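Participant: Pasting final04.cif below, which is mmCIF, C-alpha atoms.
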```cif
data_structure
#
loop_
_atom_site.label_atom_id
_atom_site.label_comp_id
_atom_site.auth_asym_id
_atom_site.auth_seq_id
_atom_site.Cartn_x
_atom_site.Cartn_y
_atom_site.Cartn_z
CA MET Y 1 109.09 56.33 -23.48
CA MET Y 2 108.69 56.79 -19.71
CA SER Y 3 108.87 53.52 -17.77
CA ASP Y 4 106.36 52.71 -15.04
CA PRO Y 5 107.45 53.96 -11.61
CA LEU Y 6 109.05 51.39 -9.35
CA VAL Y 7 107.67 53.24 -6.32
CA ARG Y 8 104.36 55.05 -6.02
CA LEU Y 9 103.24 56.63 -2.77
CA TYR Y 10 100.12 58.78 -2.39
CA GLY Y 11 99.38 60.33 0.97
CA ALA Y 12 101.41 57.62 2.70
CA VAL Y 13 101.08 57.76 6.47
CA ALA Y 14 102.94 55.52 8.90
CA PHE Y 15 102.87 55.34 12.69
CA ALA Y 16 105.00 53.64 15.30
CA ASN Y 17 103.73 53.34 18.88
CA GLY Y 18 101.07 55.95 18.12
CA PHE Y 19 103.63 58.45 16.90
CA PRO Y 20 103.38 59.65 13.27
CA LEU Y 21 106.60 58.92 11.39
CA LEU Y 22 105.34 59.79 7.92
CA SER Y 23 102.43 62.17 7.54
CA GLY Y 24 101.33 62.07 3.92
CA VAL Y 25 104.18 61.33 1.55
CA ASP Y 26 103.56 61.65 -2.20
CA LEU Y 27 106.38 60.19 -4.25
CA GLU Y 28 107.13 58.42 -7.52
CA LEU Y 29 110.51 56.85 -8.24
CA SER Y 30 111.57 55.57 -11.64
CA PRO Y 31 113.56 52.39 -12.16
CA ARG Y 32 117.33 52.73 -12.70
CA SER Y 33 117.53 55.93 -10.72
CA LEU Y 34 119.59 57.17 -7.79
CA ILE Y 35 117.65 59.13 -5.20
CA VAL Y 36 119.03 60.92 -2.19
CA VAL Y 37 116.61 61.59 0.66
CA THR Y 38 117.78 64.43 2.86
CA GLY Y 39 116.41 66.02 5.99
CA ALA Y 40 117.15 66.80 9.62
CA ASN Y 41 117.05 64.22 12.39
CA GLY Y 42 113.48 62.97 12.82
CA ALA Y 43 112.39 64.22 9.38
CA GLY Y 44 111.33 60.69 8.40
CA LYS Y 45 114.24 59.56 6.21
CA THR Y 46 114.74 56.15 7.83
CA SER Y 47 110.98 55.67 8.14
CA LEU Y 48 110.51 56.33 4.42
CA LEU Y 49 113.19 53.78 3.59
CA ARG Y 50 111.63 51.26 5.98
CA LEU Y 51 108.23 51.82 4.38
CA LEU Y 52 109.69 51.24 0.92
CA GLY Y 53 111.30 48.04 2.15
CA GLY Y 54 108.12 46.62 3.65
CA LEU Y 55 109.64 46.97 7.13
CA LEU Y 56 107.15 49.56 8.33
CA ALA Y 57 103.39 49.20 7.94
CA LEU Y 58 101.46 51.68 5.83
CA SER Y 59 98.77 53.11 8.13
CA SER Y 60 96.82 55.01 5.50
CA GLY Y 61 97.21 56.27 1.96
CA GLU Y 62 98.34 54.22 -1.01
CA GLY Y 63 101.64 52.62 -1.79
CA MET Y 64 103.00 50.34 -4.48
CA VAL Y 65 106.65 49.22 -4.45
CA CYS Y 66 108.12 46.76 -6.97
CA GLY Y 67 104.56 45.87 -7.93
CA VAL Y 68 103.58 44.97 -4.34
CA ASP Y 69 100.70 46.81 -2.71
CA LEU Y 70 101.95 48.08 0.67
CA ALA Y 71 98.46 48.00 2.16
CA ALA Y 72 97.22 44.61 1.02
CA GLY Y 73 100.12 42.80 -0.64
CA ASP Y 74 102.54 40.19 0.66
CA LEU Y 75 105.28 42.27 2.28
CA ARG Y 76 107.52 39.21 2.56
CA GLN Y 77 107.61 39.04 -1.23
CA LEU Y 78 108.55 42.72 -1.35
CA ARG Y 79 111.30 42.28 1.24
CA ARG Y 80 112.95 39.59 -0.83
CA ARG Y 81 113.29 42.11 -3.68
CA VAL Y 82 114.85 44.94 -1.71
CA GLY Y 83 118.29 45.26 -0.18
CA TRP Y 84 118.63 47.08 3.13
CA LEU Y 85 121.76 48.58 4.60
CA GLY Y 86 121.15 50.22 7.96
CA HIS Y 87 123.50 52.59 9.73
CA GLU Y 88 123.60 50.36 12.82
CA GLY Y 89 125.36 47.42 11.20
CA SER Y 90 123.38 44.68 9.61
CA PHE Y 91 125.07 41.40 10.39
CA TYR Y 92 125.66 38.71 12.96
CA ALA Y 93 128.66 39.99 14.92
CA ASP Y 94 129.96 36.53 15.89
CA LEU Y 95 129.90 35.15 12.35
CA SER Y 96 132.74 35.71 9.93
CA VAL Y 97 132.38 37.85 6.82
CA LYS Y 98 132.04 34.75 4.66
CA GLU Y 99 129.60 33.03 7.04
CA ASN Y 100 127.32 36.08 7.01
CA LEU Y 101 127.32 36.12 3.21
CA ARG Y 102 126.79 32.36 3.03
CA PHE Y 103 123.74 32.71 5.30
CA CYS Y 104 122.36 35.40 2.99
CA ALA Y 105 123.11 33.40 -0.16
CA VAL Y 106 121.56 30.16 1.09
CA ALA Y 107 118.50 32.00 2.43
CA LEU Y 108 117.91 33.58 -0.99
CA ALA Y 109 118.86 30.42 -2.89
CA ARG Y 110 121.73 32.26 -4.57
CA PRO Y 111 124.87 30.35 -5.51
CA VAL Y 112 127.47 30.47 -2.73
CA THR Y 113 130.16 30.32 -5.40
CA GLU Y 114 129.55 34.04 -6.03
CA ILE Y 115 130.71 34.99 -2.54
CA ASP Y 116 134.43 35.07 -3.34
CA ALA Y 117 133.90 37.28 -6.39
CA VAL Y 118 131.71 39.68 -4.42
CA LEU Y 119 134.25 39.92 -1.61
CA GLU Y 120 136.96 40.61 -4.15
CA ARG Y 121 134.84 43.37 -5.66
CA VAL Y 122 134.31 45.18 -2.37
CA GLY Y 123 137.92 44.70 -1.25
CA LEU Y 124 137.23 42.32 1.62
CA ALA Y 125 138.71 39.10 0.21
CA ALA Y 126 141.57 39.20 2.72
CA ARG Y 127 139.05 39.55 5.56
CA ALA Y 128 136.78 36.69 4.54
CA ASP Y 129 137.40 34.68 7.71
CA THR Y 130 137.39 37.62 10.14
CA THR Y 131 134.45 37.83 12.52
CA THR Y 132 132.26 40.81 11.75
CA LYS Y 133 132.73 42.37 15.18
CA GLN Y 134 136.44 42.66 14.45
CA LEU Y 135 135.87 44.76 11.32
CA SER Y 136 136.21 48.53 11.29
CA ALA Y 137 133.10 50.61 10.61
CA GLY Y 138 134.21 51.21 7.02
CA GLN Y 139 134.80 47.50 6.47
CA ARG Y 140 131.33 46.74 7.82
CA ARG Y 141 129.93 49.13 5.22
CA ARG Y 142 131.80 47.22 2.54
CA LEU Y 143 130.39 43.99 3.91
CA GLY Y 144 126.96 45.60 3.63
CA LEU Y 145 127.65 46.30 -0.01
CA ALA Y 146 128.78 42.71 -0.53
CA TRP Y 147 125.53 41.54 1.07
CA LEU Y 148 123.56 43.75 -1.35
CA LEU Y 149 125.59 42.74 -4.42
CA LEU Y 150 125.03 39.09 -3.59
CA ARG Y 151 121.30 39.64 -3.35
CA ARG Y 152 120.97 41.45 -6.69
CA ALA Y 153 118.15 43.49 -5.24
CA GLU Y 154 115.93 45.59 -7.49
CA LEU Y 155 115.65 48.34 -4.92
CA TRP Y 156 118.59 49.30 -2.71
CA LEU Y 157 117.72 51.13 0.48
CA LEU Y 158 120.77 52.63 2.14
CA ASP Y 159 120.29 54.40 5.44
CA GLU Y 160 123.07 56.96 5.88
CA PRO Y 161 125.66 54.79 4.16
CA TYR Y 162 128.33 57.48 4.13
CA ALA Y 163 128.62 57.61 7.90
CA SER Y 164 132.11 56.55 9.05
CA LEU Y 165 133.48 56.26 5.51
CA ASP Y 166 136.76 57.91 4.57
CA ASP Y 167 137.28 59.65 1.20
CA GLN Y 168 138.46 56.46 -0.46
CA GLY Y 169 135.44 54.60 0.90
CA ARG Y 170 133.05 57.31 -0.32
CA THR Y 171 134.55 57.25 -3.80
CA PHE Y 172 134.30 53.48 -3.90
CA PHE Y 173 130.70 53.67 -2.68
CA ASP Y 174 129.78 56.31 -5.29
CA ASP Y 175 131.33 54.30 -8.11
CA LEU Y 176 129.47 51.20 -7.07
CA LEU Y 177 126.13 53.01 -6.79
CA GLY Y 178 126.65 54.41 -10.29
CA GLU Y 179 127.38 50.91 -11.59
CA VAL Y 180 124.39 49.21 -10.02
CA THR Y 181 122.07 51.99 -11.17
CA ASN Y 182 123.34 51.58 -14.72
CA ALA Y 183 122.82 47.84 -14.36
CA GLY Y 184 119.13 48.39 -13.62
CA ALA Y 185 118.76 48.80 -9.87
CA THR Y 186 117.09 51.72 -8.15
CA VAL Y 187 119.01 53.12 -5.20
CA VAL Y 188 117.53 55.25 -2.44
CA VAL Y 189 120.07 56.79 -0.08
CA SER Y 190 119.28 58.75 3.05
CA ALA Y 191 121.71 61.47 4.11
CA HIS Y 192 121.71 64.52 6.33
CA ASP Y 193 123.04 66.77 3.60
CA PRO Y 194 122.63 66.76 -0.18
CA LEU Y 195 125.33 64.79 -1.99
CA ARG Y 196 127.47 66.79 -4.37
CA ASN Y 197 129.04 64.31 -6.68
CA ALA Y 198 129.31 65.42 -10.30
CA ARG Y 199 129.82 61.85 -11.50
CA LEU Y 200 126.41 60.66 -10.29
CA GLU Y 201 123.06 61.60 -11.74
CA LEU Y 202 121.07 62.29 -8.62
CA ARG Y 203 117.56 63.21 -7.72
CA THR Y 204 117.38 64.82 -4.30
CA ILE Y 205 114.25 64.75 -2.16
CA HIS Y 206 114.08 66.82 1.01
CA LEU Y 207 111.88 65.63 3.87
CA ALA Y 208 110.63 67.63 6.84
CA GLY Y 209 108.02 66.62 9.39
CA GLY Y 210 107.38 63.32 7.67
CA ARG Y 211 106.49 64.93 4.32
CA VAL Y 212 108.28 65.71 1.05
CA LYS Y 213 109.16 69.41 1.15
CA GLU Y 214 111.30 69.69 -1.96
CA ASP Y 215 111.84 67.44 -4.95
CA MET C 1 110.35 25.27 5.88
CA PHE C 2 112.85 22.56 6.91
CA ARG C 3 115.59 24.08 4.74
CA VAL C 4 115.15 27.41 6.52
CA ALA C 5 114.96 25.65 9.90
CA TRP C 6 118.28 23.90 9.27
CA LEU C 7 119.87 27.15 8.04
CA VAL C 8 118.75 29.10 11.13
CA ALA C 9 119.69 26.32 13.56
CA LYS C 10 123.17 26.02 12.08
CA LYS C 11 123.62 29.79 12.27
CA ASP C 12 122.50 29.98 15.93
CA LEU C 13 124.71 27.05 16.95
CA ARG C 14 127.69 28.47 15.09
CA ILE C 15 127.23 31.80 16.89
CA GLU C 16 127.05 29.93 20.20
CA LEU C 17 130.17 27.93 19.44
CA ARG C 18 131.98 31.13 18.51
CA SER C 19 130.83 33.24 21.48
CA ARG C 20 130.95 30.38 24.06
CA VAL C 21 128.32 32.05 26.22
CA LEU C 22 126.76 28.66 27.00
CA LEU C 23 130.08 27.02 27.84
CA TRP C 24 131.69 29.75 29.93
CA GLN C 25 128.70 31.51 31.45
CA VAL C 26 125.44 29.59 31.46
CA VAL C 27 126.63 26.06 32.30
CA PRO C 28 128.93 27.25 35.11
CA PHE C 29 126.05 29.31 36.49
CA GLY C 30 123.80 26.22 36.44
CA ALA C 31 126.49 24.08 38.11
CA MET C 32 126.95 26.67 40.86
CA ALA C 33 123.19 26.93 41.40
CA LEU C 34 123.01 23.14 41.72
CA LEU C 35 125.91 23.15 44.18
CA LEU C 36 124.21 25.84 46.25
CA ALA C 37 121.01 23.80 46.26
CA GLY C 38 122.98 20.82 47.60
CA LEU C 39 124.56 23.00 50.28
CA ALA C 40 121.15 24.39 51.23
CA LEU C 41 119.79 20.87 51.73
CA GLY C 42 122.74 20.05 53.96
CA PRO C 43 124.61 16.73 54.23
CA ALA C 44 121.79 15.01 56.10
CA HIS C 45 119.27 15.50 53.28
CA ALA C 46 121.32 15.92 50.12
CA GLY C 47 122.09 12.21 49.69
CA ASN C 48 119.55 10.60 47.35
CA SER C 49 117.02 13.24 48.30
CA PRO C 50 113.58 13.10 46.65
CA ALA C 51 114.12 16.82 46.04
CA GLY C 52 116.78 15.99 43.41
CA PRO C 53 114.51 16.00 40.34
CA GLY C 54 112.78 19.19 41.47
CA LEU C 55 116.07 20.99 42.07
CA PHE C 56 117.38 19.80 38.71
CA TYR C 57 114.38 21.32 36.93
CA LEU C 58 114.54 24.50 39.02
CA VAL C 59 118.11 25.06 37.87
CA MET C 60 117.13 24.10 34.30
CA LEU C 61 114.47 26.81 34.47
CA PHE C 62 117.13 29.46 35.21
CA VAL C 63 119.37 28.09 32.47
CA ALA C 64 116.49 27.96 29.97
CA LEU C 65 115.52 31.58 30.66
CA LEU C 66 119.10 32.72 30.10
CA MET C 67 119.38 30.76 26.86
CA ILE C 68 116.00 31.89 25.53
CA ASN C 69 116.99 35.49 26.13
CA ARG C 70 120.34 34.86 24.46
CA SER C 71 118.61 33.27 21.47
CA GLN C 72 116.63 36.47 20.90
CA VAL C 73 119.45 38.89 21.69
CA ILE C 74 121.54 37.68 18.75
CA GLU C 75 118.74 38.88 16.44
CA ALA C 76 118.04 42.06 18.36
CA THR C 77 120.33 44.62 16.71
CA PRO C 78 117.92 46.81 14.71
CA GLY C 79 120.10 46.66 11.59
CA THR C 80 120.40 42.87 11.76
CA ARG C 81 116.69 42.50 12.31
CA ALA C 82 115.94 44.63 9.24
CA SER C 83 118.54 42.93 7.05
CA VAL C 84 117.34 39.46 7.98
CA ALA C 85 113.72 40.53 7.50
CA THR C 86 114.58 41.44 3.91
CA LEU C 87 115.66 37.85 3.31
CA GLY C 88 111.97 36.94 3.54
CA LEU C 89 112.62 33.71 5.47
CA ASP C 90 109.68 31.42 6.13
CA PRO C 91 108.69 32.26 9.75
CA ALA C 92 107.73 28.64 10.48
CA GLY C 93 111.22 27.60 9.45
CA VAL C 94 112.78 30.34 11.58
CA PHE C 95 110.72 29.18 14.57
CA LEU C 96 111.70 25.54 14.14
CA GLY C 97 115.35 26.45 13.54
CA LYS C 98 115.62 28.62 16.63
CA ALA C 99 113.78 25.99 18.72
CA LEU C 100 116.10 23.25 17.40
CA ALA C 101 119.22 25.24 18.26
CA LEU C 102 117.80 26.07 21.68
CA SER C 103 116.90 22.41 22.27
CA ILE C 104 120.46 21.32 21.50
CA GLU C 105 121.85 24.01 23.82
CA LEU C 106 119.46 22.93 26.58
CA TRP C 107 120.37 19.27 26.02
CA VAL C 108 124.04 20.08 26.51
CA SER C 109 123.24 22.03 29.69
CA GLY C 110 120.80 19.32 30.81
CA LEU C 111 123.36 16.52 30.44
CA VAL C 112 125.95 18.46 32.45
CA LEU C 113 123.43 19.32 35.15
CA LEU C 114 122.05 15.78 35.25
CA ALA C 115 125.58 14.56 35.92
CA GLY C 116 125.83 17.30 38.53
CA THR C 117 122.62 16.08 40.16
CA VAL C 118 124.13 12.61 40.47
CA LEU C 119 127.41 13.97 41.85
CA VAL C 120 126.16 16.76 44.12
CA LEU C 121 122.73 15.53 45.20
CA HIS C 122 123.64 11.82 44.98
CA THR C 123 120.62 11.06 42.83
CA ALA C 124 120.73 7.39 41.81
CA LEU C 125 122.71 7.01 38.57
CA HIS C 126 120.40 4.35 37.12
CA GLY C 127 117.41 6.63 37.84
CA ALA C 128 119.10 9.55 36.09
CA ILE C 129 119.81 7.34 33.07
CA LEU C 130 116.21 6.12 33.02
CA ALA C 131 115.01 9.73 33.29
CA LEU C 132 117.17 10.87 30.38
CA PRO C 133 114.52 10.40 27.61
CA SER C 134 111.90 12.33 29.58
CA VAL C 135 114.44 15.08 30.38
CA LEU C 136 115.34 15.47 26.70
CA VAL C 137 111.69 15.65 25.62
CA THR C 138 110.84 18.12 28.41
CA LEU C 139 113.71 20.32 27.29
CA ILE C 140 112.35 20.26 23.71
CA ALA C 141 109.00 21.45 25.09
CA LEU C 142 110.75 24.23 27.03
CA ALA C 143 112.67 25.23 23.90
CA LEU C 144 109.51 25.39 21.77
CA ALA C 145 107.57 27.38 24.38
CA GLY C 146 110.58 29.58 25.08
CA THR C 147 111.14 30.39 21.42
CA LEU C 148 107.52 31.43 21.14
CA TYR C 149 107.58 33.64 24.23
CA GLY C 150 111.03 34.95 23.32
CA ALA C 151 109.63 36.24 20.03
CA LEU C 152 106.70 37.77 21.89
CA THR C 153 108.98 39.87 24.10
CA ALA C 154 111.81 40.48 21.60
CA GLY C 155 112.63 44.10 20.96
CA GLY C 156 110.15 45.32 23.55
CA GLU C 157 110.95 47.45 26.56
CA GLY C 158 112.26 45.37 29.46
CA ALA C 159 112.27 42.23 27.32
CA SER C 160 114.77 40.40 29.51
CA THR C 161 112.69 40.93 32.66
CA LEU C 162 109.33 40.44 30.96
CA LEU C 163 110.42 37.08 29.54
CA PRO C 164 110.51 35.18 32.89
CA VAL C 165 107.17 36.66 33.93
CA LEU C 166 105.53 35.41 30.73
CA CYS C 167 107.36 32.11 30.62
CA LEU C 168 106.77 30.92 34.18
CA PRO C 169 103.04 30.17 33.84
CA ALA C 170 103.70 28.36 30.56
CA PHE C 171 106.68 26.47 31.92
CA ALA C 172 105.08 25.42 35.22
CA PRO C 173 103.12 22.40 33.87
CA LEU C 174 106.16 21.30 31.85
CA LEU C 175 108.47 21.54 34.85
CA ILE C 176 106.02 19.66 37.06
CA ALA C 177 105.54 16.95 34.43
CA GLY C 178 109.29 16.72 33.90
CA GLU C 179 109.92 16.46 37.62
CA ARG C 180 107.23 13.77 38.01
CA SER C 181 108.68 11.76 35.13
CA PHE C 182 112.14 12.04 36.66
CA SER C 183 110.77 10.94 40.05
CA ALA C 184 108.97 8.05 38.32
CA ALA C 185 112.31 6.94 36.90
CA LEU C 186 113.70 6.99 40.46
CA GLY C 187 110.72 4.95 41.64
CA THR C 188 109.37 7.67 43.94
CA ALA C 189 106.27 8.59 41.93
CA GLY C 190 103.67 7.00 39.69
CA LEU C 191 104.90 5.91 36.31
CA TRP C 192 104.80 7.41 32.88
CA GLU C 193 101.46 9.26 32.64
CA TRP C 194 103.34 12.57 33.02
CA TRP C 195 104.99 11.87 29.71
CA VAL C 196 101.67 12.54 28.03
CA ILE C 197 101.61 16.14 29.28
CA VAL C 198 105.11 16.77 27.96
CA LEU C 199 104.35 15.19 24.58
CA VAL C 200 101.11 17.14 24.22
CA ALA C 201 103.03 20.33 25.08
CA VAL C 202 105.61 19.57 22.39
CA LEU C 203 102.86 19.14 19.79
CA ALA C 204 100.86 22.15 20.99
CA TYR C 205 103.75 24.62 21.21
CA GLY C 206 105.25 23.28 18.00
CA GLY C 207 101.94 23.71 16.14
CA VAL C 208 101.23 27.16 17.58
CA GLY C 209 104.77 28.29 16.82
CA ILE C 210 104.62 27.13 13.21
CA LEU C 211 101.31 28.92 12.73
CA LEU C 212 101.90 32.12 14.69
CA TYR C 213 105.63 32.88 14.72
CA GLY C 214 105.29 35.08 11.63
CA VAL C 215 102.58 37.14 13.31
CA LEU C 216 104.74 37.57 16.43
CA GLU C 217 107.71 38.63 14.33
CA GLU C 218 105.64 41.20 12.47
CA SER C 219 104.24 42.64 15.68
#
```
Show how you would write the structure in this file as structure tokens.

Facilitator:
Amino acid sequence: MMSDPLVRLYGAVAFANGFPLLSGVDLELSPRSLIVVTGANGAGKTSLLRLLGGLLALSSGEGMVCGVDLAAGDLRQLRRRVGWLGHEGSFYADLSVKENLRFCAVALARPVTEIDAVLERVGLAARADTTTKQLSAGQRRRLGLAWLLLRRAELWLLDEPYASLDDQGRTFFDDLLGEVTNAGATVVVSAHDPLRNARLELRTIHLAGGRVKED
Amino acid sequence: MFRVAWLVAKKDLRIELRSRVLLWQVVPFGAMALLLAGLALGPAHAGNSPAGPGLFYLVMLFVALLMINRSQVIEATPGTRASVATLGLDPAGVFLGKALALSIELWVSGLVLLAGTVLVLHTALHGAILALPSVLVTLIALALAGTLYGALTAGGEGASTLLPVLCLPAFAPLLIAGERSFSAALGTAGLWEWWVIVLVAVLAYGGVGILLYGVLEES
């Protein structure tokens, strides 16, 4: 039996400062799936992810994500159910790895006792007391994963997560995405080029000009 | 709301302790500004000058603007802003937490500069001690108003230069009331009626911030 889509967008349009970022996106995403959104610079990849995370307002059209209406629902409720990993770095630079995760855990009322296990899982246990600004780009990505694992988000939104990752980091990332998808999460990844990883069951969506061109 | 406020305040203060921007940059800047003010008055006028309270608050204005900007900058990285937004924190709690952290930072600066006022401008020590409660409450009002205006300008173009322009009209009555209360403690102005303005400002900015901070964040 087909499960209800976790994401439904019909003619979704979004603007920022009067400039159209998304110009009529139609999309349905099933739970427990791994979706790669590709496209050139300015195609609308980050904007689509931000819309799905309740971080960008829906200007017109219809949208339902995790059961929350993007036009009329409580976006704060939606945001608590998604995990966001941006390509700019997503943490307080002057806090340590552990302090950043503790902030996240307390904010979401998650047990702080899980932090050590999560750090172990992403290979950052030895860096727990290092300030985030002292981490390498790859280590910051791993911290991003730790942040997402701690949250147990239903919908993972990863904006160009493979940037600045070496081969080992990419393999680790792929394995983890496969695991969390199997565990029930839906993962949406933006990337410039289609991913070619035989171990992952992917759906690739190509954006151009703020619309879905290929699915 | 109070749980979130405490969480945010602790985080901001920890960042400040770690980066030491207040200790090594802002407080020395304030001390130098106070020293320059004393030099500008000259030895004939600096001693126990009635200008002392006004100069103290003028320097506190500069310090407050720097700290308000700093309070917003630590949230300004686009990735951090998005990640923290997905925590779905209660905006009223975020407002109170940031205002609490800013108040504590301004208190630290205020105490150092008050001591500087006594040392450099030879303001009467007993007057400075009597003025301390009104100074602390005025700085809370500045922190509440500053947090509100900081959120209004955050992320916008020219935020750091727009902030003083927006803040000055809001700060002016608070600075005047603070200066009058300080002068009252020194016995050079009428007594405590200026307190009322500061207390009303604390309640007004606190109430508006609790109600509207979420809207400002969203915008």

Participant: Go through Y:Leu22, Y:Leu34, Y:Val112, Y:Leu29 one by one, measure the shortest atom-to-atom distance of each to Leu207 of chain Y using only C-alpha atoms, and give the residue with the smallest value.

Facilitator: Y:Leu22

Participant: Atom CA of Thr186 of chain Y and atom CA of Gly209 of chain Y are how many Å apart?

Facilitator: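 Distance reported for this atom pair: 24.7 Å.
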
Participant: Please enumerate the residues selected by the PyMOL selection byres ((chain Y and resi 131) around 7) when evaluated against the supplied file, formatted as a list in words.

Facilitator: Ala93, Asp94, Leu95, Ser96, Val97, Asp129, Thr130, Thr132, Lys133 and Gln134 of chain Y

Participant: Any chance you could export the current selection's C-alpha atoms as a compact mmCIF listing (two decimals), in the frame of the given file?

Facilitator:
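Once written, result_2.txt looks like this:
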```txt
# COMPACT_ATOMS: atom_id res chain seq x y z
CA ALA Y 93 128.66 39.99 14.92
CA ASP Y 94 129.96 36.53 15.89
CA LEU Y 95 129.90 35.15 12.35
CA SER Y 96 132.74 35.71 9.93
CA VAL Y 97 132.38 37.85 6.82
CA ASP Y 129 137.40 34.68 7.71
CA THR Y 130 137.39 37.62 10.14
CA THR Y 132 132.26 40.81 11.75
CA LYS Y 133 132.73 42.37 15.18
CA GLN Y 134 136.44 42.66 14.45
```

Participant: Go through the shown structure with the PyMOL selection byres ((chain Y) within 6 of (chain C)) and write out the matching residues as a PyMOL selection string.

Facilitator: chain Y and resi 76+79-80+84+86+88-91+94

Participant: What is the atom CA of Ala107 of chain Y to atom CA of Leu177 of chain Y distance in Å?

Facilitator: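 Interatomic distance here is 24.2 Å.
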
Participant: Atom CA of Met1 of chain C and atom CA of Ala92 of chain C, how far apart in Å?

Facilitator: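 Going from atom CA of Ala92 of chain C over to atom CA of Met1 of chain C covers 6.3 Å.
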
Participant: Which residues are near segment 96-111 of chain C? Cut-off 6 Å, all atoms listed in the file, ignore same chain within fewer than 2 positions. Put them as JSON, numbers by chain.

Facilitator: {"C": [5, 6, 8, 9, 13, 27, 93, 94, 113, 114, 140, 143, 144, 147]}

Participant: List the neighbours of Ser164 of chain Y out to 10 Å using only C-alpha atoms; skip same-chain residues closer than 3 positions along the sequence, and give me the result as a PyMOL selection string.

Facilitator: chain Y and resi 87+136-141+160-161+167+169-170

Participant: Using the chain letters and numbers from this file, what does the PyMOL selection byres ((chain C and resi 130) around 12) select? Give the answer as a list in words.

Facilitator: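 Here the PyMOL selection byres ((chain C and resi 130) around 12) matches Leu114, Thr123, Ala124, Leu125, His126, Gly127, Ala128, Ile129, Ala131, Leu132, Pro133, Ser134, Val135, Leu136, Ser181, Phe182, Ser183, Ala184, Ala185, Leu186, Gly187, Leu191 and Trp192 of chain C.
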
Participant: Measuring between all atoms listed in the file, which one of C:Ala177, C:Ala145, C:Val112, C:Leu212 shows the shortest distance to Glu193 of chain C?

Facilitator: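 Result for the nearest residue to Glu193 of chain C: C:Ala177.
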
Participant: Restricting the calculation to all atoms listed in the file, which member of C:Pro169, C:Gly178, C:Gly158, C:Pro91 is positioned closest to Leu139 of chain C?

Facilitator: C:Gly178

Participant: Near Trp147 of chain Y, counting all atoms listed in the file, which residues have an atom at most 10 Å away, once you skip same-chain residues fewer than 2 positions from it, shown as a PDB file with C-alpha atoms, in the frame of the given file?

Facilitator:
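So part06.pdb came out as:
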```pdb
ATOM      1  CA  GLY Y  83     118.290  45.260  -0.180  1.00  0.00           C
ATOM      2  CA  TRP Y  84     118.630  47.080   3.130  1.00  0.00           C
ATOM      3  CA  LEU Y  85     121.760  48.580   4.600  1.00  0.00           C
ATOM      4  CA  SER Y  90     123.380  44.680   9.610  1.00  0.00           C
ATOM      5  CA  PHE Y  91     125.070  41.400  10.390  1.00  0.00           C
ATOM      6  CA  VAL Y  97     132.380  37.850   6.820  1.00  0.00           C
ATOM      7  CA  ASN Y 100     127.320  36.080   7.010  1.00  0.00           C
ATOM      8  CA  LEU Y 101     127.320  36.120   3.210  1.00  0.00           C
ATOM      9  CA  ARG Y 102     126.790  32.360   3.030  1.00  0.00           C
ATOM     10  CA  PHE Y 103     123.740  32.710   5.300  1.00  0.00           C
ATOM     11  CA  CYS Y 104     122.360  35.400   2.990  1.00  0.00           C
ATOM     12  CA  ALA Y 105     123.110  33.400  -0.160  1.00  0.00           C
ATOM     13  CA  ILE Y 115     130.710  34.990  -2.540  1.00  0.00           C
ATOM     14  CA  VAL Y 118     131.710  39.680  -4.420  1.00  0.00           C
ATOM     15  CA  LEU Y 119     134.250  39.920  -1.610  1.00  0.00           C
ATOM     16  CA  ARG Y 141     129.930  49.130   5.220  1.00  0.00           C
ATOM     17  CA  ARG Y 142     131.800  47.220   2.540  1.00  0.00           C
ATOM     18  CA  LEU Y 143     130.390  43.990   3.910  1.00  0.00           C
ATOM     19  CA  GLY Y 144     126.960  45.600   3.630  1.00  0.00           C
ATOM     20  CA  LEU Y 145     127.650  46.300  -0.010  1.00  0.00           C
ATOM     21  CA  LEU Y 149     125.590  42.740  -4.420  1.00  0.00           C
ATOM     22  CA  LEU Y 150     125.030  39.090  -3.590  1.00  0.00           C
ATOM     23  CA  ARG Y 151     121.300  39.640  -3.350  1.00  0.00           C
ATOM     24  CA  ARG Y 152     120.970  41.450  -6.690  1.00  0.00           C
ATOM     25  CA  ALA Y 153     118.150  43.490  -5.240  1.00  0.00           C
TER      26      ALA Y 153
ATOM     27  CA  SER C  83     118.540  42.930   7.050  1.00  0.00           C
TER      28      SER C  83
END
```

Participant: Counting all atoms listed in the file, note down every residue that has an atom within 12 Å of the point (110.8, 49.9, 0.8) (file coordinates), as a count of residues only.

Facilitator: 52
